[in-house]
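Novice: Just dropping this structure here.
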Amino acid sequence: MTDNEEHAHHITPIKVYLKTFGILIFLTLATVITSYYDFGTWNLAIALLIASTKAILVMLFFMQLKYDDIGNKITFYSSFIFLAIFFTFIWSDVYFRTEVQPLKIDAVQGAGGGETDPHRLNVANADLVAKGQKVFTVQCTSCHGVNGMGDGAAAAALNPKPRNFKSGYWRYGGTPSKIFRTLTQGSPGTAMAAFTTLSVEDRYALAHYVRSIATPTPPQDTTEDINEAVKLVGTGATSASQEIPVDYAIEKMQMNDQIVMPQEAKNMDHPGAFIFKNQCAQCHGAAGQGAQISAVGVNPPVYMITMPLAESKSGAMQSESTFMKMVSEGIPGRGMPGMAGYSPQEWTNLYNYVKTLRK
Amino acid sequence: MSEHQHVIEGTNHVIPHHFKSGYAEFDTTKFGMWLFLVTEILLFGGLFVAYGIFRGIYPEMFHEAHHELNKVMGATNTIVLLFSSLTMALAVHFAQTNKRTRSLQMLVITFLCAITFMVIKYFEYKHKFHLGIYTAGFYKFDGIKVDHVGLFFSLYFIMTGLHGIHVLIGMVLISWVFFRTKRGDFTDKYYTPVELTGLYWHLVDLIWIFLFPLLYLIG
């Protein structure tokens, strides 16, 4: 064949293998013996030094990398370089990342600064609404549209779509404090960010303007509602990036399963029970009682609370066709996936089965 | 057989037509094996990184938990595996020098070492399961009084378990080259499968070289 043959087929003498083996056994005994003595922080260094020496011997002589082609050498050694990069970055991230506290409660933040003072949140008046409109024009129109109808330029790319405030529907409630909450904490799973970069007053004004779109003649603010809003001050993420600290995530990951499903499945002989068991029970509970599910792996971290189907007032149960539409399309951004591929009979069975779960 | 097919002398190995020589085939195949071994290093690397991070966070927990592992069994297994690496290397050596009987003997010894390794591992696992030591989430043993101890055993079971699967795969490969050697498929001109199985087996050894001190000795 070619003159490369000699180089490719290096034959290591048996003596070299035996010597290598001898040193490996010696090093194994050395590492076991040193493990009986405590050298403090040096324990790890000594063990790793011995293990690395052994590994190098295995690579060079047993795997014959010493005599191998330069390409193979670079290839194999590069894996350790990549491993070192991997380790260095993860390690530095865990140990040197700046603390980011989730849901940190502190004083009034934003442009105004100063202490939390309920009196700074004025009772609704025309000035407040006008101020809110100015903020809205700058901050919100790109998604929610100039008239707040959810038809801004960016809306085309968003799923779920931005809220049309004229629809009068509020996911988190429509009182000023509830809208203030959405502005402060965002709406996880959607493009609606936490607008904590706006001052408290601006957010409160914005809440009133947004409400005025839905309800042209809104009721007067109540003291309770203002107090609710004050409680929310400072609860939003402190930056728009919605980071979570690594140690917080690690703590969460180590916690035992948080799915709360104390109840037994019901009516298992019903024809719809099988689909429910396989497709729905994991989140909604074996008996549809709903569950609190820790979803820290997603960003932002949320506790997804599924609907207790048993007591559901949801419109989904109004009729079979509504049920089928909502369940097949899913609820984008709320964790409810769409399901497809069932026959009309299977939909009927599933609907009827869910009905049996209701009280 | 057409005149374009090249068979390596003394074997029935046909050099695929896209290689210009047996050397080119050997070189390419071996490079492929090294690439595969790189992915193996990175596969285990992820677990070693997880080990490093958690050990940094809970050093006392690792220290307490590692006493539960049997050093003597771990050390025995290390020696068994190192010895099997030697016999595997010798099996390749004898294949290279056309000593088929010797090569077969070495492969058998390597295989027996692998069985010994797995039997010792079986007794270790059995003892842990008996005590209720499982991965985090299923951990039931209350003999170690530190928090998060399940984490150590999650790492222990995943790392040694994945390694054990590699040993089992290695046993299949060793039996395969044993039967092919016996059938007379290999000579000093063609023994690529023996050599590549050897590389794989040494990698299994290489990973254990790190697993043993990190899990059994220093925790």
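Residues are referred to by chain and number: the chain letter is A, B, ... according to the order shown in the structure tokens, the number counts from 1 in that chain, and ligands are numbered separately from 1 in the order shown.
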Given only C-alpha atoms, how would the per-residue table for chain B near chain A read, listing every residue at most 6 Å away with its closest atom pair and distance in Å to one decimal, sorted by chain and number, as CSV?
Specialist:
residue,atom,partner,partner_atom,distance
B:Val38,CA,A:Ser79,CA,5.3
B:Val49,CA,A:Phe87,CA,5.7
B:Ala89,CA,A:Phe62,CA,5.8
B:Gly137,CA,A:Asn256,CA,5.9
B:Leu199,CA,A:Met63,CA,5.7
B:Leu206,CA,A:Ala55,CA,5.6
B:Ile209,CA,A:Ala51,CA,5.9
B:Phe210,CA,A:Ala51,CA,5.8
B:Leu217,CA,A:Ser35,CA,5.7
Novice: Any chance you could export the current selection's C-alpha atoms as a compact mmCIF listing (two decimals), in the first residue's frame?
Specialist:
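Saved result, selection_2.txt, follows:
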# COMPACT_ATOMS: atom_id res chain seq x y z
CA VAL B 38 -14.63 13.13 21.72
CA VAL B 49 -19.35 19.59 35.37
CA ALA B 89 -4.13 -3.56 24.55
CA GLY B 137 -36.78 12.19 44.88
CA LEU B 199 -9.90 2.41 21.86
CA LEU B 206 -10.35 6.45 31.27
CA ILE B 209 -10.18 6.56 36.41
CA PHE B 210 -11.92 9.86 37.21
CA LEU B 217 -12.31 8.58 47.68
Novice: Could you pull out the helix (DSSP H, G or I) residues of stretch 16-159 of chain A from DSSP and send them as JSON, numbers by chain?
Specialist: {"A": [16, 17, 18, 19, 20, 21, 22, 23, 24, 25, 26, 27, 28, 29, 30, 31, 32, 33, 34, 42, 43, 44, 45, 46, 47, 48, 49, 50, 51, 52, 53, 54, 55, 56, 57, 58, 59, 60, 61, 62, 65, 66, 67, 70, 71, 72, 73, 74, 75, 76, 77, 78, 79, 80, 81, 82, 83, 84, 85, 86, 87, 88, 89, 90, 91, 92, 93, 94, 95, 96, 118, 119, 120, 126, 127, 128, 129, 130, 131, 132, 133, 134, 135, 136, 137, 138, 139, 141, 142, 143, 144, 153, 154, 155, 156, 157]}
Novice: Produce a file of the selected residues containing C-alpha atoms, as an mmCIF file, in the first residue's frame.
Specialist:
data_model
loop_
_atom_site.group_PDB
_atom_site.id
_atom_site.type_symbol
_atom_site.label_atom_id
_atom_site.label_comp_id
_atom_site.auth_asym_id
_atom_site.auth_seq_id
_atom_site.Cartn_x
_atom_site.Cartn_y
_atom_site.Cartn_z
ATOM 1 C CA VAL A 16 5.762 -0.907 27.374
ATOM 2 C CA TYR A 17 2.215 -2.116 28.094
ATOM 3 C CA LEU A 18 3.350 -3.986 31.189
ATOM 4 C CA LYS A 19 5.308 -0.987 32.485
ATOM 5 C CA THR A 20 2.321 1.297 31.904
ATOM 6 C CA PHE A 21 0.082 -1.140 33.745
ATOM 7 C CA GLY A 22 2.557 -1.319 36.643
ATOM 8 C CA ILE A 23 2.606 2.453 37.022
ATOM 9 C CA LEU A 24 -1.206 2.592 36.794
ATOM 10 C CA ILE A 25 -1.584 0.067 39.610
ATOM 11 C CA PHE A 26 0.986 1.934 41.697
ATOM 12 C CA LEU A 27 -0.910 5.200 41.176
ATOM 13 C CA THR A 28 -4.232 3.535 42.048
ATOM 14 C CA LEU A 29 -2.794 2.290 45.339
ATOM 15 C CA ALA A 30 -1.281 5.728 45.957
ATOM 16 C CA THR A 31 -4.617 7.487 45.499
ATOM 17 C CA VAL A 32 -6.420 4.977 47.743
ATOM 18 C CA ILE A 33 -3.788 5.314 50.462
ATOM 19 C CA THR A 34 -3.735 9.128 50.355
ATOM 20 C CA TRP A 42 -5.515 19.489 48.840
ATOM 21 C CA ASN A 43 -7.511 16.223 48.832
ATOM 22 C CA LEU A 44 -9.204 17.142 45.558
ATOM 23 C CA ALA A 45 -6.008 18.457 43.966
ATOM 24 C CA ILE A 46 -4.028 15.321 44.850
ATOM 25 C CA ALA A 47 -6.778 12.958 43.654
ATOM 26 C CA LEU A 48 -7.203 14.872 40.401
ATOM 27 C CA LEU A 49 -3.462 15.046 39.799
ATOM 28 C CA ILE A 50 -3.123 11.267 40.208
ATOM 29 C CA ALA A 51 -6.243 10.588 38.112
ATOM 30 C CA SER A 52 -4.990 12.897 35.346
ATOM 31 C CA THR A 53 -1.592 11.208 35.336
ATOM 32 C CA LYS A 54 -3.300 7.833 35.014
ATOM 33 C CA ALA A 55 -5.554 9.152 32.256
ATOM 34 C CA ILE A 56 -2.571 10.517 30.338
ATOM 35 C CA LEU A 57 -0.778 7.155 30.607
ATOM 36 C CA VAL A 58 -3.860 5.326 29.324
ATOM 37 C CA MET A 59 -4.205 7.770 26.441
ATOM 38 C CA LEU A 60 -0.553 7.807 25.433
ATOM 39 C CA PHE A 61 0.264 4.116 25.718
ATOM 40 C CA PHE A 62 -2.906 2.002 25.850
ATOM 41 C CA LEU A 65 -2.069 8.337 21.051
ATOM 42 C CA LYS A 66 1.654 8.973 21.476
ATOM 43 C CA TYR A 67 2.266 7.288 18.136
ATOM 44 C CA ILE A 70 -1.299 14.591 14.561
ATOM 45 C CA GLY A 71 -4.905 15.049 13.382
ATOM 46 C CA ASN A 72 -6.176 12.377 15.775
ATOM 47 C CA LYS A 73 -4.109 13.856 18.597
ATOM 48 C CA ILE A 74 -5.528 17.347 18.086
ATOM 49 C CA THR A 75 -9.051 15.939 17.769
ATOM 50 C CA PHE A 76 -8.951 13.990 20.995
ATOM 51 C CA TYR A 77 -7.068 16.560 23.061
ATOM 52 C CA SER A 78 -9.488 19.253 21.885
ATOM 53 C CA SER A 79 -12.299 17.481 23.767
ATOM 54 C CA PHE A 80 -10.513 18.314 27.032
ATOM 55 C CA ILE A 81 -10.095 21.925 25.968
ATOM 56 C CA PHE A 82 -13.813 22.170 25.252
ATOM 57 C CA LEU A 83 -14.549 20.519 28.574
ATOM 58 C CA ALA A 84 -12.360 23.091 30.320
ATOM 59 C CA ILE A 85 -14.202 25.935 28.567
ATOM 60 C CA PHE A 86 -17.547 24.370 29.528
ATOM 61 C CA PHE A 87 -16.530 24.005 33.149
ATOM 62 C CA THR A 88 -14.929 27.469 33.428
ATOM 63 C CA PHE A 89 -17.977 29.265 32.130
ATOM 64 C CA ILE A 90 -20.498 27.358 34.217
ATOM 65 C CA TRP A 91 -18.329 27.691 37.296
ATOM 66 C CA SER A 92 -17.790 31.428 36.873
ATOM 67 C CA ASP A 93 -21.489 31.883 36.205
ATOM 68 C CA VAL A 94 -22.474 30.070 39.391
ATOM 69 C CA TYR A 95 -19.927 31.755 41.613
ATOM 70 C CA PHE A 96 -19.572 35.244 40.220
ATOM 71 C CA PRO A 118 -50.339 56.103 49.302
ATOM 72 C CA HIS A 119 -51.097 59.786 48.839
ATOM 73 C CA ARG A 120 -48.786 59.913 45.888
ATOM 74 C CA ALA A 126 -58.926 64.017 34.110
ATOM 75 C CA ASP A 127 -55.294 65.093 34.590
ATOM 76 C CA LEU A 128 -54.272 61.598 35.605
ATOM 77 C CA VAL A 129 -55.964 60.095 32.548
ATOM 78 C CA ALA A 130 -54.337 62.681 30.290
ATOM 79 C CA LYS A 131 -50.935 61.923 31.787
ATOM 80 C CA GLY A 132 -51.596 58.210 31.267
ATOM 81 C CA GLN A 133 -52.418 58.840 27.640
ATOM 82 C CA LYS A 134 -49.043 60.523 27.096
ATOM 83 C CA VAL A 135 -47.235 57.551 28.617
ATOM 84 C CA PHE A 136 -49.390 55.185 26.583
ATOM 85 C CA THR A 137 -48.496 56.929 23.328
ATOM 86 C CA VAL A 138 -44.798 56.500 24.008
ATOM 87 C CA GLN A 139 -44.702 53.084 25.670
ATOM 88 C CA THR A 141 -48.824 51.905 21.044
ATOM 89 C CA SER A 142 -46.265 49.745 19.249
ATOM 90 C CA CYS A 143 -48.142 46.667 20.411
ATOM 91 C CA HIS A 144 -51.527 47.795 21.690
ATOM 92 C CA ALA A 153 -47.408 47.464 14.335
ATOM 93 C CA ALA A 154 -45.693 44.767 16.418
ATOM 94 C CA ALA A 155 -48.946 42.912 17.082
ATOM 95 C CA ALA A 156 -48.684 40.973 13.833
ATOM 96 C CA ALA A 157 -45.696 39.069 15.175
#
Novice: May I have the residues within 6 Å of stretch 113-127 of chain B as a ChimeraX atom specification, using only C-alpha atoms and disregarding those fewer than 2 positions away in the same chain?
Specialist: /B:77,80,84,110-111,129-130
Novice: Take the residues from that selection and put them in a file with N, CA and C atoms, as a PDB file, in the first residue's frame.
Specialist:
ATOM      1  N   ASN B  77     -12.572  -2.695  41.622  1.00  0.00           N
ATOM      2  CA  ASN B  77     -13.073  -2.483  40.274  1.00  0.00           C
ATOM      3  C   ASN B  77     -12.096  -1.674  39.417  1.00  0.00           C
ATOM      4  N   VAL B  80      -9.449  -4.080  38.378  1.00  0.00           N
ATOM      5  CA  VAL B  80     -10.009  -5.004  37.380  1.00  0.00           C
ATOM      6  C   VAL B  80     -10.058  -4.321  36.012  1.00  0.00           C
ATOM      7  N   SER B  84      -8.039  -5.093  32.646  1.00  0.00           N
ATOM      8  CA  SER B  84      -8.730  -5.423  31.396  1.00  0.00           C
ATOM      9  C   SER B  84      -8.247  -4.516  30.270  1.00  0.00           C
ATOM     10  N   THR B 110     -10.252 -10.107  28.939  1.00  0.00           N
ATOM     11  CA  THR B 110     -10.867  -8.776  28.996  1.00  0.00           C
ATOM     12  C   THR B 110     -12.360  -8.901  29.295  1.00  0.00           C
ATOM     13  N   PHE B 111     -13.003  -9.845  28.602  1.00  0.00           N
ATOM     14  CA  PHE B 111     -14.440 -10.052  28.784  1.00  0.00           C
ATOM     15  C   PHE B 111     -14.748 -10.483  30.221  1.00  0.00           C
ATOM     16  N   PHE B 129     -29.711  -0.091  47.221  1.00  0.00           N
ATOM     17  CA  PHE B 129     -31.171  -0.179  47.092  1.00  0.00           C
ATOM     18  C   PHE B 129     -31.780  -0.782  48.352  1.00  0.00           C
ATOM     19  N   HIS B 130     -31.058  -1.757  48.932  1.00  0.00           N
ATOM     20  CA  HIS B 130     -31.517  -2.397  50.144  1.00  0.00           C
ATOM     21  C   HIS B 130     -31.665  -1.369  51.268  1.00  0.00           C
TER      22      HIS B 130
END
Novice: Rounded to one decimal, what separation in Å do you get between atom CA of B:Asp185 and atom CA of B:Gly32?
Specialist: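 Taking atom CA of B:Asp185 and atom CA of B:Gly32, their separation equals 21.3 Å.
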